[in-house]
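Enquirer: Just dropping this structure here.
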Amino acid sequence: MLVTLSIAALTFSACTAARWYLNRSSRREEDFFGGRVRLTELWNDAGPFGLPVGRRLWMVLAASALGEILRLSRWNPAAGGLIFGGGASNLWENFRHGRAYDYLEFPKVPRLNRYVCNLADVAILFGGIGIIIGAARRGRRK
């Protein structure tokens, strides 16, 4: 549990610092890796994946899911920390501003070129993959 909470705290801090740094008036759009990654600016008023979920419902569901993540983190504590920290960061952003600040775009990557996300979303994605791998390994050991 200590590993999970430590990684969650680091993830939350990194996501908050990235939002603070990138949400400044002097920043311009920039391309990296031959245009495959673009730092842009988008305030997302919707729920996850742009779903038109009501704000209160989204926040209640997200808070409930974070509790469940702590239980699942026993399969992969580091992955659980990534999900918990990223989820808490997005939840805090929605609570504080009523929307999330997204800034990562992948214009030259097929299927990803229509999405804009943030570091918290990336942490949640990789944490989810880690939980699945941890659960699969646990299932093979039995």
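Residue numbering restarts at 1 for every chain of the structure tokens, chains are lettered A, B, ... in their displayed order, and ligands are numbered from 1 as they appear.
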As a PyMOL selection string, please: all residues of stretch 1-104 of chain A that backbone DSSP puts in alpha helix (DSSP H).
Expert: chain A and resi 2-22+55-72+77-97
Enquirer: List the neighbours of A:Ala8 out to 9 Å using only C-alpha atoms; skip same-chain residues closer than 4 positions along the sequence, and give me the result as a PyMOL selection string.
Expert: chain A and resi 3-4+12-13+78+80-86+88
Enquirer: May I have the residues within 12 Å of A:Gly134 as a short mmCIF file (atom, residue, chain, number, x, y, z; two decimals) with all heavy atoms, in the first residue's frame, using only C-alpha atoms and disregarding those fewer than 4 positions away in the same chain?
Expert:
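around.cif, freshly written:
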```cif
data_model
loop_
_atom_site.label_atom_id
_atom_site.label_comp_id
_atom_site.auth_asym_id
_atom_site.auth_seq_id
_atom_site.Cartn_x
_atom_site.Cartn_y
_atom_site.Cartn_z
N LEU A 72 -7.56 -3.08 -6.15
CA LEU A 72 -6.95 -3.80 -7.27
C LEU A 72 -5.43 -3.63 -7.32
O LEU A 72 -4.75 -4.41 -7.97
CB LEU A 72 -7.55 -3.32 -8.59
CG LEU A 72 -9.01 -3.64 -8.83
CD1 LEU A 72 -9.48 -3.01 -10.14
CD2 LEU A 72 -9.22 -5.15 -8.88
N SER A 73 -4.91 -2.63 -6.65
CA SER A 73 -3.48 -2.35 -6.73
C SER A 73 -2.62 -3.44 -6.11
O SER A 73 -1.41 -3.45 -6.29
CB SER A 73 -3.15 -0.99 -6.12
OG SER A 73 -3.35 -1.02 -4.73
N ARG A 74 -3.22 -4.37 -5.41
CA ARG A 74 -2.43 -5.47 -4.85
C ARG A 74 -1.84 -6.33 -5.96
O ARG A 74 -0.86 -7.02 -5.76
CB ARG A 74 -3.27 -6.29 -3.88
CG ARG A 74 -4.36 -7.10 -4.54
CD ARG A 74 -5.13 -7.90 -3.48
NE ARG A 74 -6.12 -8.74 -4.08
CZ ARG A 74 -7.36 -8.37 -4.38
NH1 ARG A 74 -7.76 -7.14 -4.11
NH2 ARG A 74 -8.21 -9.21 -4.93
N TRP A 75 -2.44 -6.32 -7.17
CA TRP A 75 -1.90 -7.08 -8.29
C TRP A 75 -0.66 -6.41 -8.88
O TRP A 75 0.21 -7.07 -9.40
CB TRP A 75 -2.94 -7.26 -9.38
CG TRP A 75 -4.09 -8.11 -8.96
CD1 TRP A 75 -4.08 -9.12 -8.03
CD2 TRP A 75 -5.43 -8.03 -9.43
NE1 TRP A 75 -5.32 -9.66 -7.90
CE2 TRP A 75 -6.18 -9.02 -8.76
CE3 TRP A 75 -6.07 -7.23 -10.35
CZ2 TRP A 75 -7.52 -9.23 -8.99
CZ3 TRP A 75 -7.40 -7.44 -10.58
CH2 TRP A 75 -8.12 -8.43 -9.90
N ASN A 76 -0.61 -5.09 -8.81
CA ASN A 76 0.53 -4.33 -9.32
C ASN A 76 0.51 -2.97 -8.62
O ASN A 76 -0.15 -2.04 -9.09
CB ASN A 76 0.44 -4.19 -10.84
CG ASN A 76 1.68 -3.57 -11.44
OD1 ASN A 76 2.40 -2.83 -10.78
ND2 ASN A 76 1.94 -3.88 -12.69
N PRO A 77 1.21 -2.83 -7.51
CA PRO A 77 1.15 -1.59 -6.72
C PRO A 77 1.56 -0.35 -7.50
O PRO A 77 0.95 0.72 -7.33
CB PRO A 77 2.11 -1.85 -5.56
CG PRO A 77 2.22 -3.33 -5.46
CD PRO A 77 2.04 -3.85 -6.85
N ALA A 78 2.56 -0.45 -8.35
CA ALA A 78 3.00 0.72 -9.13
C ALA A 78 1.91 1.17 -10.09
O ALA A 78 1.62 2.36 -10.22
CB ALA A 78 4.28 0.40 -9.89
N ALA A 79 1.28 0.21 -10.76
CA ALA A 79 0.20 0.54 -11.69
C ALA A 79 -0.99 1.15 -10.96
O ALA A 79 -1.60 2.11 -11.43
CB ALA A 79 -0.23 -0.71 -12.46
N GLY A 80 -1.30 0.61 -9.79
CA GLY A 80 -2.38 1.17 -8.99
C GLY A 80 -2.09 2.61 -8.59
O GLY A 80 -2.97 3.47 -8.58
N GLY A 127 -1.29 2.73 -16.19
CA GLY A 127 -1.65 2.03 -14.97
C GLY A 127 -2.66 0.92 -15.22
O GLY A 127 -2.54 -0.18 -14.68
N GLY A 128 -3.64 1.19 -16.08
CA GLY A 128 -4.62 0.17 -16.44
C GLY A 128 -3.97 -1.02 -17.12
O GLY A 128 -4.29 -2.18 -16.83
N ILE A 129 -3.05 -0.75 -18.03
CA ILE A 129 -2.32 -1.83 -18.70
C ILE A 129 -1.53 -2.63 -17.67
O ILE A 129 -1.51 -3.86 -17.70
CB ILE A 129 -1.40 -1.25 -19.79
CG1 ILE A 129 -2.25 -0.69 -20.94
CG2 ILE A 129 -0.43 -2.31 -20.31
CD1 ILE A 129 -1.47 0.15 -21.95
N GLY A 130 -0.90 -1.92 -16.71
CA GLY A 130 -0.14 -2.60 -15.67
C GLY A 130 -1.01 -3.47 -14.77
O GLY A 130 -0.62 -4.58 -14.40
N ARG A 138 -0.88 -13.03 -12.06
CA ARG A 138 -1.40 -13.65 -10.84
C ARG A 138 -2.23 -14.88 -11.19
O ARG A 138 -2.17 -15.89 -10.53
CB ARG A 138 -2.21 -12.64 -10.06
CG ARG A 138 -2.76 -13.17 -8.78
CD ARG A 138 -3.63 -12.13 -8.10
NE ARG A 138 -4.32 -12.71 -7.00
CZ ARG A 138 -4.25 -12.27 -5.77
NH1 ARG A 138 -3.53 -11.22 -5.49
NH2 ARG A 138 -4.93 -12.86 -4.81
N GLY A 139 -3.02 -14.77 -12.27
CA GLY A 139 -3.84 -15.90 -12.71
C GLY A 139 -3.01 -17.07 -13.18
O GLY A 139 -3.39 -18.23 -12.98
N ARG A 140 -1.87 -16.81 -13.82
CA ARG A 140 -1.00 -17.90 -14.28
C ARG A 140 -0.32 -18.61 -13.13
O ARG A 140 0.00 -19.79 -13.24
CB ARG A 140 0.08 -17.33 -15.23
CG ARG A 140 -0.41 -17.27 -16.65
CD ARG A 140 0.74 -16.99 -17.57
NE ARG A 140 0.55 -15.62 -18.04
CZ ARG A 140 1.49 -14.78 -18.34
NH1 ARG A 140 2.75 -15.14 -18.23
NH2 ARG A 140 1.23 -13.59 -18.76
N ARG A 141 -0.03 -17.90 -12.05
CA ARG A 141 0.66 -18.50 -10.90
C ARG A 141 -0.23 -19.46 -10.13
O ARG A 141 0.24 -20.34 -9.46
CB ARG A 141 1.14 -17.41 -9.95
CG ARG A 141 2.40 -16.76 -10.43
CD ARG A 141 2.94 -15.86 -9.37
NE ARG A 141 3.03 -14.53 -9.97
CZ ARG A 141 2.92 -13.39 -9.32
NH1 ARG A 141 2.70 -13.40 -8.04
NH2 ARG A 141 3.01 -12.26 -9.94
#
```
Enquirer: Between atom CA of A:Asn44 and atom CA of A:Glu93, what distance in Å does the model show, to one decimal?
Expert: 10.5 Å
Enquirer: Which residues come within 12 Å of A:Arg38, counting only C-alpha atoms, excluding same-chain residues fewer than 6 positions away, as a list in words?
Expert: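 My reading of the contact set: Arg28, Glu29, Glu30, Asp31, Phe32, Asp102, Tyr103, Leu104, Glu105, Phe106, Pro107, Lys108, Val109, Asn113, Tyr115, Val116, Cys117 and Asn118 of chain A.
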Enquirer: Find, counting only C-alpha atoms, the residue in A:Asp45, A:Cys15, A:Ser6, A:Leu22 that gets nearest to A:Asp121.
Expert: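 For A:Asp121, the nearest of the candidates is A:Cys15.
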Enquirer: Rounded to one decimal in Å, what is the spacing between atom CA of A:Val60 and atom CA of A:Ala120?
Expert: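 Distance reported for this atom pair: 18.0 Å.
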Enquirer: Which is closer to A:Glu41 than all the others in A:Leu70, A:Tyr101, A:Ala14, A:Ser89, using only C-alpha atoms?
Expert: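 Under the stated criterion, the closest residue is A:Tyr101.
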Enquirer: Kindly give the distance, in Å, that separates atom CA of A:Leu125 and atom CA of A:Leu66, rounded to a single decimal.
Expert: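 Spanning atom CA of A:Leu125 to atom CA of A:Leu66 is a straight-line distance of 14.1 Å.
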